[in-house]
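Peer 1: The structure's right below; bear with me while I get my questions together.
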Amino acid sequence: MEIIVERFAKQLTHIKYPTKKEHWNIGGVLKKRSNQYLKFDVRNMFNLPNGLLGKKGRTSSNADKMVFETENAWLILDIPEICRYVKKHRLKIVYLEKLMTELEWNISIPK
């Protein structure tokens, strides 16, 4: 079974992986989207006690973007923008749908 990082790697060129324990999983350039090298936090979501899917993040992350996988698309959000939003609104929990509408920098890549 292919892991999420391997599936997402198909969206990148110039791929690099961290050489030590860092808060990102894969780096590269988004195909047909950018020429900028970025570091991505690409981890699976997990089931929360309330039945929803969740993903933890850090405000001290070295990653540039956070990646979410849905059935039909890759959703990519800007981590510094997420951090500013969380701090501004003093949140501990944020919802992906809300972030997709509230943040300026996000990309949806169809599968």
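Chain labels A, B, ... are given in the sequence in which chains occur in the structure tokens; within each chain residues are numbered consecutively from 1, and ligands are likewise numbered from 1 in the order shown.
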Write out as an MDAnalysis selection string each polymer residue whose atoms come within 8 Å of A:Lys55, counting only C-alpha atoms; drop sequence neighbours fewer than 6 positions from it.
Peer 2: chainID A and resid 43:46
Peer 1: Identify, on the basis of only C-alpha atoms, every residue whose closest approach to A:Trp105 does not exceed 9 Å; exclude the query and any residue fewer than 4 positions from it along the same chain; express the result as a PyMOL selection string.
Peer 2: chain A and resi 76-78+81+100
Peer 1: Residues as selected, C-alpha atoms, written as a PDB file, in the first residue's frame, can you do that?
Peer 2:
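See selection_31.pdb below for the written result:
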ATOM      1  CA  ILE A  76      -2.314  22.667   0.071  1.00  0.00           C
ATOM      2  CA  LEU A  77      -2.310  25.488   2.630  1.00  0.00           C
ATOM      3  CA  ASP A  78       0.343  27.991   3.690  1.00  0.00           C
ATOM      4  CA  GLU A  81      -0.775  31.952   7.165  1.00  0.00           C
ATOM      5  CA  MET A 100     -10.024  26.978   2.704  1.00  0.00           C
TER       6      MET A 100
END
Peer 1: Would you list, as a VMD selection string, the residues of stretch 22-68 of chain A that end up in strand (DSSP E or B) under DSSP run on this structure's backbone?
Peer 2: chain A and resid 26 to 30 37 to 42 46 to 47 53 to 54 65 to 68
Peer 1: Go ahead and write the selection's residues with N, CA and C atoms as a compact mmCIF listing (two decimals), in the first residue's frame.
Peer 2:
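The file below, selection_30.txt, is the result:
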# COMPACT_ATOMS: atom_id res chain seq x y z
N ILE A 26 8.60 16.09 2.81
CA ILE A 26 9.10 16.05 1.45
C ILE A 26 9.22 17.50 0.94
N GLY A 27 10.23 17.73 0.12
CA GLY A 27 10.40 19.03 -0.49
C GLY A 27 10.43 18.89 -1.99
N GLY A 28 10.07 19.93 -2.69
CA GLY A 28 10.09 19.89 -4.14
C GLY A 28 9.37 21.07 -4.76
N VAL A 29 9.23 21.01 -6.07
CA VAL A 29 8.56 22.05 -6.84
C VAL A 29 7.25 21.46 -7.37
N LEU A 30 6.14 22.16 -7.13
CA LEU A 30 4.84 21.69 -7.62
C LEU A 30 4.80 21.73 -9.14
N TYR A 37 10.90 26.07 -4.86
CA TYR A 37 11.12 24.88 -4.04
C TYR A 37 10.47 25.10 -2.69
N LEU A 38 9.63 24.17 -2.26
CA LEU A 38 8.90 24.28 -1.00
C LEU A 38 9.06 23.00 -0.19
N LYS A 39 8.93 23.13 1.13
CA LYS A 39 8.93 21.98 2.05
C LYS A 39 7.48 21.75 2.47
N PHE A 40 7.06 20.50 2.41
CA PHE A 40 5.66 20.15 2.66
C PHE A 40 5.52 19.26 3.89
N ASP A 41 4.54 19.55 4.71
CA ASP A 41 4.12 18.69 5.82
C ASP A 41 3.03 17.80 5.24
N VAL A 42 3.40 16.55 4.96
CA VAL A 42 2.48 15.61 4.34
C VAL A 42 2.33 14.41 5.27
N PHE A 46 -5.98 11.54 11.05
CA PHE A 46 -6.36 10.45 11.95
C PHE A 46 -7.76 10.71 12.49
N ASN A 47 -8.38 9.65 13.01
CA ASN A 47 -9.73 9.77 13.56
C ASN A 47 -9.69 10.38 14.95
N LEU A 53 -12.07 13.60 11.12
CA LEU A 53 -10.66 13.41 10.83
C LEU A 53 -9.89 14.63 11.30
N GLY A 54 -8.67 14.42 11.79
CA GLY A 54 -7.86 15.53 12.28
C GLY A 54 -6.41 15.39 11.87
N LYS A 65 4.34 24.50 3.57
CA LYS A 65 2.95 24.20 3.24
C LYS A 65 2.49 22.93 3.95
N MET A 66 1.20 22.87 4.25
CA MET A 66 0.58 21.68 4.82
C MET A 66 -0.34 21.08 3.77
N VAL A 67 -0.24 19.76 3.62
CA VAL A 67 -0.98 19.06 2.57
C VAL A 67 -2.04 18.16 3.18
N PHE A 68 -3.24 18.23 2.62
CA PHE A 68 -4.35 17.37 3.01
C PHE A 68 -4.78 16.59 1.78
Peer 1: Please provide as a PyMOL selection string all residues within 9 Å of A:Lys31, with the sequence filter that same-chain residues fewer than 5 positions apart are discarded (counting only C-alpha atoms).
Peer 2: chain A and resi 10-13
Peer 1: Report, in Å to a single decimal, how far apart atom CA of A:Tyr95 and atom CA of A:Gly51 are.
Peer 2: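 Result for atom CA of A:Gly51 versus atom CA of A:Tyr95: 13.6 Å, one decimal.
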Peer 1: Among the residues of chain A, find those DSSP assigns to helix (DSSP H, G or I) from the backbone and print them as a PyMOL selection string.
Peer 2: chain A and resi 4-9+79-89+96-102
Peer 1: Write the residues of the preceding selection, restricted to C-alpha atoms, as a PDB file, in the first residue's frame.
Peer 2:
ATOM      1  CA  ILE A   4       0.644   9.510   1.490  1.00  0.00           C
ATOM      2  CA  VAL A   5       4.134  10.961   0.909  1.00  0.00           C
ATOM      3  CA  GLU A   6       4.666   8.618  -2.055  1.00  0.00           C
ATOM      4  CA  ARG A   7       1.286   9.567  -3.547  1.00  0.00           C
ATOM      5  CA  PHE A   8       1.953  13.286  -3.110  1.00  0.00           C
ATOM      6  CA  ALA A   9       5.477  12.959  -4.563  1.00  0.00           C
ATOM      7  CA  ILE A  79       1.647  27.193   7.193  1.00  0.00           C
ATOM      8  CA  PRO A  80       2.701  30.762   8.161  1.00  0.00           C
ATOM      9  CA  GLU A  81      -0.775  31.952   7.165  1.00  0.00           C
ATOM     10  CA  ILE A  82      -2.397  29.163   9.216  1.00  0.00           C
ATOM     11  CA  CYS A  83      -0.256  30.157  12.213  1.00  0.00           C
ATOM     12  CA  ARG A  84      -1.243  33.834  11.932  1.00  0.00           C
ATOM     13  CA  TYR A  85      -4.924  32.835  11.662  1.00  0.00           C
ATOM     14  CA  VAL A  86      -4.714  30.523  14.706  1.00  0.00           C
ATOM     15  CA  LYS A  87      -2.927  33.147  16.824  1.00  0.00           C
ATOM     16  CA  LYS A  88      -5.199  36.002  15.732  1.00  0.00           C
ATOM     17  CA  HIS A  89      -8.354  34.056  16.585  1.00  0.00           C
ATOM     18  CA  LEU A  96     -10.203  22.575   6.975  1.00  0.00           C
ATOM     19  CA  GLU A  97     -13.342  23.895   5.273  1.00  0.00           C
ATOM     20  CA  LYS A  98     -13.028  27.131   7.254  1.00  0.00           C
ATOM     21  CA  LEU A  99      -9.325  27.488   6.407  1.00  0.00           C
ATOM     22  CA  MET A 100     -10.024  26.978   2.704  1.00  0.00           C
ATOM     23  CA  THR A 101     -12.448  29.907   2.731  1.00  0.00           C
ATOM     24  CA  GLU A 102     -10.665  32.201   5.210  1.00  0.00           C
TER      25      GLU A 102
END
Peer 1: What does the distance from atom CA of A:Ile107 to atom CA of A:Leu75 come to in Å, to one decimal?
Peer 2: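 One can read the atom CA of A:Ile107 to atom CA of A:Leu75 distance as 5.8 Å.
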